[in-house]
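Report on the structure given below.
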Amino acid sequence: MQNTIYEYESISNEELKNHIINTTELHKYFTLDWKDLKTKQYCGILNFNDQDFHILPKIANHNDEKNLNIFIYMLMYAYDVKLSNEQIASCANEEHTILEVFVQMFANGLLQELKKGMYKKYITEQDNLNVLKGKYLINENIKYNFTKNKIYCEYDEFSENNSLNQFFLYAVKYLQKFVKDKKLLKQCELVFDEVEYKSVDINRVETLNFNRLNVRFKTSFEIALLLLKQSIPLFNQDKKSFAFLFDMNILFEKFIARMVKELDSNAKIQNQDNFGDLTLKPDIILKNQIIDTKYKRIKSIEDIKQSDKLQAFAYGVNYGVYNVMLLYPKHLDEVKYDLVLGKDDKKVQLKIRSIDLNFMGNDYKEYIDEIRKRVESLNG
């Protein structure tokens, strides 16, 4: 696989290096130490000068295709994205980028739902009409129609011009910037021809409510939101480039949390609680254990930060669950330590474990099944 870069490694391509240094939007994803530019924990695709650079997690010892597939499998599982074997293979064969595959999957899914009918809802409108419709607005008529033969009314319109459809229209237009094959996105855009185009603040659209009338669009909404949040446009007058990057801290956390939830439906995920002036938010709370995921590379007990131990101790004491696990991805060697934090009646049993994410069966399901078994056996 061409143009592969690994997390935490130096970038040797001088043209790409200069592009990153000169592009403010990319600075948070890389570390510049004197003249040495290194990747951080963000993985995905960086497009520059019509070249795609894969930034991959180092899970399978520089086996590019294997690392790419594992990264895709983790994304699929963590975000509940359903790609076909053909779509996964097209990424490995460099026929399409991960972003292109995700976009096509989103557009195809949305189009199938739109063919069943657009979502409409009642919208309250106010307008100056020739005939009375709905409620007569006295103050507005005095203000606007004192000398006009019009009636200012407020009425409910069963309309497709609602916030959900406006979000989808924004998404299908925005995502066209990042893909070569725009056919499906264009088809979706045509269906929304009666919908008003508005710029969308993606940090606020999560408040959109779903009900029995529009719940069939929820999967398309969640995938679109994922694509909008992770896509970084980097356009200027003479060059067009973009990045599609995921924070491996968040991906690892979501990946493990979903597995634990499937194994124990009573597990609490990202549960935030206040203990006086102390706010705690463990990744996973079980009946008899708390698990906190840490996407860090550790080789020995000396690599465990004191702050992580203090955090584990705070979890155990405040939640009354005195069995805490810090879970790391395996880097070189398996990590397995058992520590005791505190003393007397304030003791927390701390388990430090690593999980090997390196496995390549025949397909996605086989991979997930194997990693799930490894998660299940962590307490052994």
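How things are named: the first chain in the structure tokens is A, the next is B, and so on; residues count from 1 in each chain; ligands count from 1 in the order shown.
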(request) List the neighbours of A:Ile232 out to 12 Å using only C-alpha atoms; skip same-chain residues closer than 3 positions along the sequence, and give me the result as a list in words. (result)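 Non-adjacent residues within range: Thr23, Thr24, Glu25, Leu26, Lys28, Tyr29, Gly44, Ile45, Leu46, Asn47, Leu99, Tyr174, Leu175, Lys177, Phe178, Leu226, Leu227, Leu228, Lys229, Phe235, Lys240, Ser241, Phe242, Ala243, Phe244, Leu245 and Phe246 of chain A.
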(request) Name the residues in contact with stretch 358-372 of chain A at a cut-off of 9 Å, using only C-alpha atoms, excluding same-chain residues fewer than 5 positions from it; report them as a list in words. (result) Ile59, Ala60, Lys66, Asn67, Asn69, Ile70, Tyr73, Met74, Met76, Tyr77, Asn85, Ile256, Met259, Val260, Leu263, Lys330 and Ser377 of chain A
Output of the above residues as a short mmCIF file (atom, residue, chain, number, x, y, z; two decimals), in the first residue's frame, restricted to N, CA, C and O atoms:
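Everything below was put into again-v1.cif:
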```cif
data_model
loop_
_atom_site.label_atom_id
_atom_site.label_comp_id
_atom_site.auth_asym_id
_atom_site.auth_seq_id
_atom_site.Cartn_x
_atom_site.Cartn_y
_atom_site.Cartn_z
N ILE A 59 -1.00 -1.80 14.86
CA ILE A 59 -1.56 -2.96 15.56
C ILE A 59 -0.92 -4.25 15.06
O ILE A 59 -0.62 -5.15 15.84
N ALA A 60 -0.67 -4.35 13.77
CA ALA A 60 -0.20 -5.60 13.17
C ALA A 60 1.21 -5.48 12.59
O ALA A 60 1.50 -5.96 11.50
N LYS A 66 -3.36 -5.21 6.61
CA LYS A 66 -3.95 -5.76 7.82
C LYS A 66 -4.32 -4.65 8.79
O LYS A 66 -5.41 -4.64 9.37
N ASN A 67 -3.43 -3.68 8.97
CA ASN A 67 -3.71 -2.56 9.87
C ASN A 67 -4.89 -1.74 9.36
O ASN A 67 -5.72 -1.28 10.15
N ASN A 69 -7.41 -2.84 7.51
CA ASN A 69 -8.63 -3.61 7.71
C ASN A 69 -9.06 -3.59 9.18
O ASN A 69 -10.25 -3.44 9.50
N ILE A 70 -8.11 -3.75 10.09
CA ILE A 70 -8.44 -3.72 11.52
C ILE A 70 -9.01 -2.35 11.91
O ILE A 70 -9.99 -2.26 12.65
N TYR A 73 -12.51 -2.22 10.62
CA TYR A 73 -13.37 -3.07 11.45
C TYR A 73 -13.72 -2.38 12.78
O TYR A 73 -14.86 -2.44 13.26
N MET A 74 -12.72 -1.73 13.38
CA MET A 74 -12.97 -1.01 14.64
C MET A 74 -13.96 0.13 14.43
O MET A 74 -14.86 0.35 15.25
N MET A 76 -16.26 0.35 12.03
CA MET A 76 -17.57 -0.24 11.75
C MET A 76 -18.28 -0.63 13.03
O MET A 76 -19.46 -0.35 13.22
N TYR A 77 -17.54 -1.29 13.92
CA TYR A 77 -18.15 -1.80 15.14
C TYR A 77 -18.46 -0.67 16.13
O TYR A 77 -19.57 -0.60 16.68
N ASN A 85 -18.25 -6.62 2.28
CA ASN A 85 -16.88 -7.10 2.07
C ASN A 85 -16.25 -6.43 0.85
O ASN A 85 -15.05 -6.17 0.82
N ILE A 256 -14.37 -0.81 22.77
CA ILE A 256 -14.41 -1.69 23.94
C ILE A 256 -15.75 -1.56 24.68
O ILE A 256 -16.34 -2.56 25.11
N MET A 259 -18.50 -3.56 23.12
CA MET A 259 -18.33 -4.99 23.35
C MET A 259 -18.78 -5.37 24.76
O MET A 259 -19.48 -6.37 24.95
N VAL A 260 -18.36 -4.58 25.74
CA VAL A 260 -18.74 -4.87 27.12
C VAL A 260 -20.25 -4.78 27.28
O VAL A 260 -20.87 -5.60 27.96
N LEU A 263 -21.87 -7.83 26.11
CA LEU A 263 -21.64 -8.95 27.03
C LEU A 263 -22.45 -8.78 28.32
O LEU A 263 -22.82 -9.77 28.96
N LYS A 330 -2.57 -3.72 23.38
CA LYS A 330 -1.26 -4.34 23.39
C LYS A 330 -0.39 -3.68 22.33
O LYS A 330 -0.81 -3.49 21.20
N SER A 377 -12.46 -12.55 28.39
CA SER A 377 -11.49 -13.30 29.20
C SER A 377 -10.51 -12.40 29.94
O SER A 377 -9.55 -12.89 30.56
#
```
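Shortest atom-to-atom contact with A:Ile11 among A:His331, A:His54, A:Asn49, A:Lys173: A:His54, counting only C-alpha atoms.
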(request) Give me the residues within 7 Å of A:Asp247 as a list in words, counting only C-alpha atoms and dropping any in the same chain fewer than 2 places off. (result) Gln41, Tyr42, Cys43, Leu245, Asn249, Ile250 and Leu251 of chain A
(message) Based on the backbone DSSP call, show me all residues of stretch 201-352 of chain A assigned strand (DSSP E or B), as a VMD selection string.
(response) chain A and resid 231 to 235 240 to 247 268 to 269 273 to 275 278 to 280 284 to 285 290 to 293 323 to 329 336 to 343 346 to 352
Take the residues just selected and output them with N, CA and C atoms as a short mmCIF file (atom, residue, chain, number, x, y, z; two decimals), in the first residue's frame.
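Dumped everything to selection.cif:
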```cif
data_model
loop_
_atom_site.label_atom_id
_atom_site.label_comp_id
_atom_site.auth_asym_id
_atom_site.auth_seq_id
_atom_site.Cartn_x
_atom_site.Cartn_y
_atom_site.Cartn_z
N SER A 231 -14.73 14.96 8.93
CA SER A 231 -14.17 15.47 7.67
C SER A 231 -13.66 16.89 7.88
N ILE A 232 -12.43 17.12 7.44
CA ILE A 232 -11.80 18.43 7.65
C ILE A 232 -11.44 19.01 6.28
N PRO A 233 -12.20 19.99 5.79
CA PRO A 233 -11.86 20.59 4.49
C PRO A 233 -10.65 21.50 4.61
N LEU A 234 -9.76 21.41 3.66
CA LEU A 234 -8.54 22.22 3.68
C LEU A 234 -8.37 22.86 2.31
N PHE A 235 -9.25 23.81 2.01
CA PHE A 235 -9.28 24.39 0.67
C PHE A 235 -8.68 25.80 0.67
N LYS A 240 -6.78 21.90 -3.32
CA LYS A 240 -7.93 21.32 -2.64
C LYS A 240 -7.47 20.06 -1.93
N SER A 241 -7.67 20.00 -0.64
CA SER A 241 -7.29 18.79 0.10
C SER A 241 -8.23 18.64 1.27
N PHE A 242 -8.17 17.50 1.92
CA PHE A 242 -9.03 17.26 3.07
C PHE A 242 -8.41 16.20 3.96
N ALA A 243 -8.96 16.09 5.15
CA ALA A 243 -8.55 15.03 6.08
C ALA A 243 -9.81 14.39 6.64
N PHE A 244 -9.71 13.10 6.95
CA PHE A 244 -10.80 12.34 7.54
C PHE A 244 -10.17 11.52 8.66
N LEU A 245 -10.14 12.10 9.87
CA LEU A 245 -9.31 11.55 10.94
C LEU A 245 -10.12 11.24 12.20
N PHE A 246 -9.75 10.16 12.86
CA PHE A 246 -10.41 9.73 14.09
C PHE A 246 -9.39 9.69 15.23
N ASP A 247 -9.80 10.18 16.37
CA ASP A 247 -8.99 10.12 17.58
C ASP A 247 -9.04 8.68 18.10
N LYS A 268 -22.96 0.35 32.49
CA LYS A 268 -23.19 1.78 32.28
C LYS A 268 -21.99 2.35 31.53
N ILE A 269 -22.27 3.04 30.44
CA ILE A 269 -21.21 3.57 29.58
C ILE A 269 -21.14 5.08 29.72
N ASP A 273 -20.99 11.37 37.12
CA ASP A 273 -21.58 11.60 38.43
C ASP A 273 -20.76 12.63 39.20
N ASN A 274 -21.45 13.35 40.09
CA ASN A 274 -20.79 14.34 40.93
C ASN A 274 -20.70 13.82 42.36
N PHE A 275 -19.51 13.93 42.94
CA PHE A 275 -19.27 13.58 44.33
C PHE A 275 -18.76 14.85 45.01
N LEU A 278 -16.29 17.00 43.11
CA LEU A 278 -15.53 16.11 42.23
C LEU A 278 -16.47 15.48 41.21
N THR A 279 -16.15 15.65 39.93
CA THR A 279 -16.93 15.05 38.84
C THR A 279 -16.15 13.88 38.26
N LEU A 280 -16.78 12.71 38.19
CA LEU A 280 -16.14 11.51 37.65
C LEU A 280 -16.95 10.96 36.49
N ILE A 284 -16.62 2.63 31.73
CA ILE A 284 -17.53 1.50 31.88
C ILE A 284 -17.71 1.18 33.36
N ILE A 285 -18.95 1.10 33.80
CA ILE A 285 -19.23 0.71 35.18
C ILE A 285 -20.04 -0.59 35.16
N ILE A 290 -15.06 -1.49 37.58
CA ILE A 290 -15.01 -0.30 36.72
C ILE A 290 -13.86 -0.49 35.75
N ILE A 291 -14.11 -0.20 34.47
CA ILE A 291 -13.07 -0.32 33.44
C ILE A 291 -12.85 1.04 32.81
N ASP A 292 -11.61 1.45 32.75
CA ASP A 292 -11.25 2.70 32.07
C ASP A 292 -10.26 2.36 30.97
N THR A 293 -10.60 2.75 29.75
CA THR A 293 -9.72 2.45 28.61
C THR A 293 -8.70 3.57 28.45
N ASN A 323 -12.80 -2.75 42.63
CA ASN A 323 -12.10 -3.52 41.60
C ASN A 323 -12.09 -2.68 40.32
N VAL A 324 -10.94 -2.11 40.01
CA VAL A 324 -10.83 -1.20 38.85
C VAL A 324 -9.80 -1.75 37.87
N MET A 325 -10.12 -1.64 36.57
CA MET A 325 -9.18 -2.09 35.54
C MET A 325 -8.82 -0.93 34.62
N LEU A 326 -7.53 -0.77 34.38
CA LEU A 326 -7.06 0.12 33.32
C LEU A 326 -6.72 -0.77 32.13
N LEU A 327 -7.39 -0.53 31.02
CA LEU A 327 -7.23 -1.39 29.85
C LEU A 327 -6.53 -0.64 28.72
N TYR A 328 -5.41 -1.19 28.27
CA TYR A 328 -4.58 -0.60 27.22
C TYR A 328 -4.58 -1.54 26.00
N PRO A 329 -4.35 -0.98 24.80
CA PRO A 329 -4.12 -1.87 23.67
C PRO A 329 -2.72 -2.47 23.76
N LYS A 336 0.27 -7.20 32.19
CA LYS A 336 -0.62 -7.76 33.21
C LYS A 336 -0.02 -7.51 34.59
N TYR A 337 -0.60 -6.55 35.30
CA TYR A 337 -0.15 -6.22 36.64
C TYR A 337 -1.35 -6.10 37.56
N ASP A 338 -1.15 -6.47 38.83
CA ASP A 338 -2.17 -6.31 39.86
C ASP A 338 -1.58 -5.47 40.98
N LEU A 339 -2.19 -4.33 41.25
CA LEU A 339 -1.70 -3.41 42.26
C LEU A 339 -2.77 -3.19 43.33
N VAL A 340 -2.33 -2.72 44.47
CA VAL A 340 -3.25 -2.32 45.54
C VAL A 340 -3.03 -0.84 45.80
N LEU A 341 -4.11 -0.06 45.69
CA LEU A 341 -4.04 1.38 45.92
C LEU A 341 -4.72 1.69 47.25
N GLY A 342 -4.06 2.48 48.09
CA GLY A 342 -4.63 2.84 49.37
C GLY A 342 -4.31 1.81 50.45
N LYS A 343 -4.95 1.99 51.62
CA LYS A 343 -4.69 1.06 52.73
C LYS A 343 -5.90 1.00 53.65
N LYS A 346 -9.70 1.67 52.83
CA LYS A 346 -9.74 2.44 51.59
C LYS A 346 -8.77 1.83 50.58
N LYS A 347 -8.97 0.56 50.28
CA LYS A 347 -8.08 -0.13 49.34
C LYS A 347 -8.83 -0.44 48.04
N VAL A 348 -8.17 -0.14 46.94
CA VAL A 348 -8.72 -0.44 45.61
C VAL A 348 -7.80 -1.43 44.91
N GLN A 349 -8.38 -2.52 44.45
CA GLN A 349 -7.62 -3.51 43.67
C GLN A 349 -7.55 -3.01 42.22
N LEU A 350 -6.35 -2.72 41.75
CA LEU A 350 -6.17 -2.19 40.40
C LEU A 350 -5.57 -3.26 39.49
N LYS A 351 -6.31 -3.61 38.44
CA LYS A 351 -5.81 -4.53 37.44
C LYS A 351 -5.39 -3.73 36.21
N ILE A 352 -4.17 -3.96 35.77
CA ILE A 352 -3.67 -3.31 34.56
C ILE A 352 -3.53 -4.39 33.50
#
```
(request) Return the single residue from A:Thr97, A:Ser12, A:Gln230, A:Gln112 that is closest to A:Leu184, with distances computed using only C-alpha atoms. (result)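 Comparing A:Thr97, A:Ser12, A:Gln230, A:Gln112 against A:Leu184, the winner is A:Gln112.
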(message) Would you compute the distance between atom CA of A:Tyr197 and atom CA of A:Glu160? Give it in Å to one decimal.
(response)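 Between atom CA of A:Tyr197 and atom CA of A:Glu160 the gap works out to 12.2 Å.
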(message) Please compute the atom CA of A:Tyr295-atom CA of A:Arg258 distance, one decimal, in Å.
(response)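 Atom-to-atom, atom CA of A:Tyr295 to atom CA of A:Arg258, that is 15.9 Å.
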(request) One decimal, Å: what's the distance from atom CA of A:Leu310 over to atom CA of A:Asp264, could you say? (result)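 Interatomic distance here is 26.6 Å.
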(request) Fewer than 5 positions away in the same chain doesn't count, so skip those; otherwise give me all residues within 12 Å of A:Lys82, counting only C-alpha atoms, as a PyMOL selection string. (result) chain A and resi 72-77+87-88+101-102+104-106+108-109+219-220+223+364-365
(message) So, with only C-alpha atoms as the atoms that count, which of A:Gln289, A:Asn203, A:Asn145, A:Asn130 lies closest to A:Val321?
(response)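 Once distances to A:Val321 are computed over only C-alpha atoms, the minimum belongs to A:Gln289.
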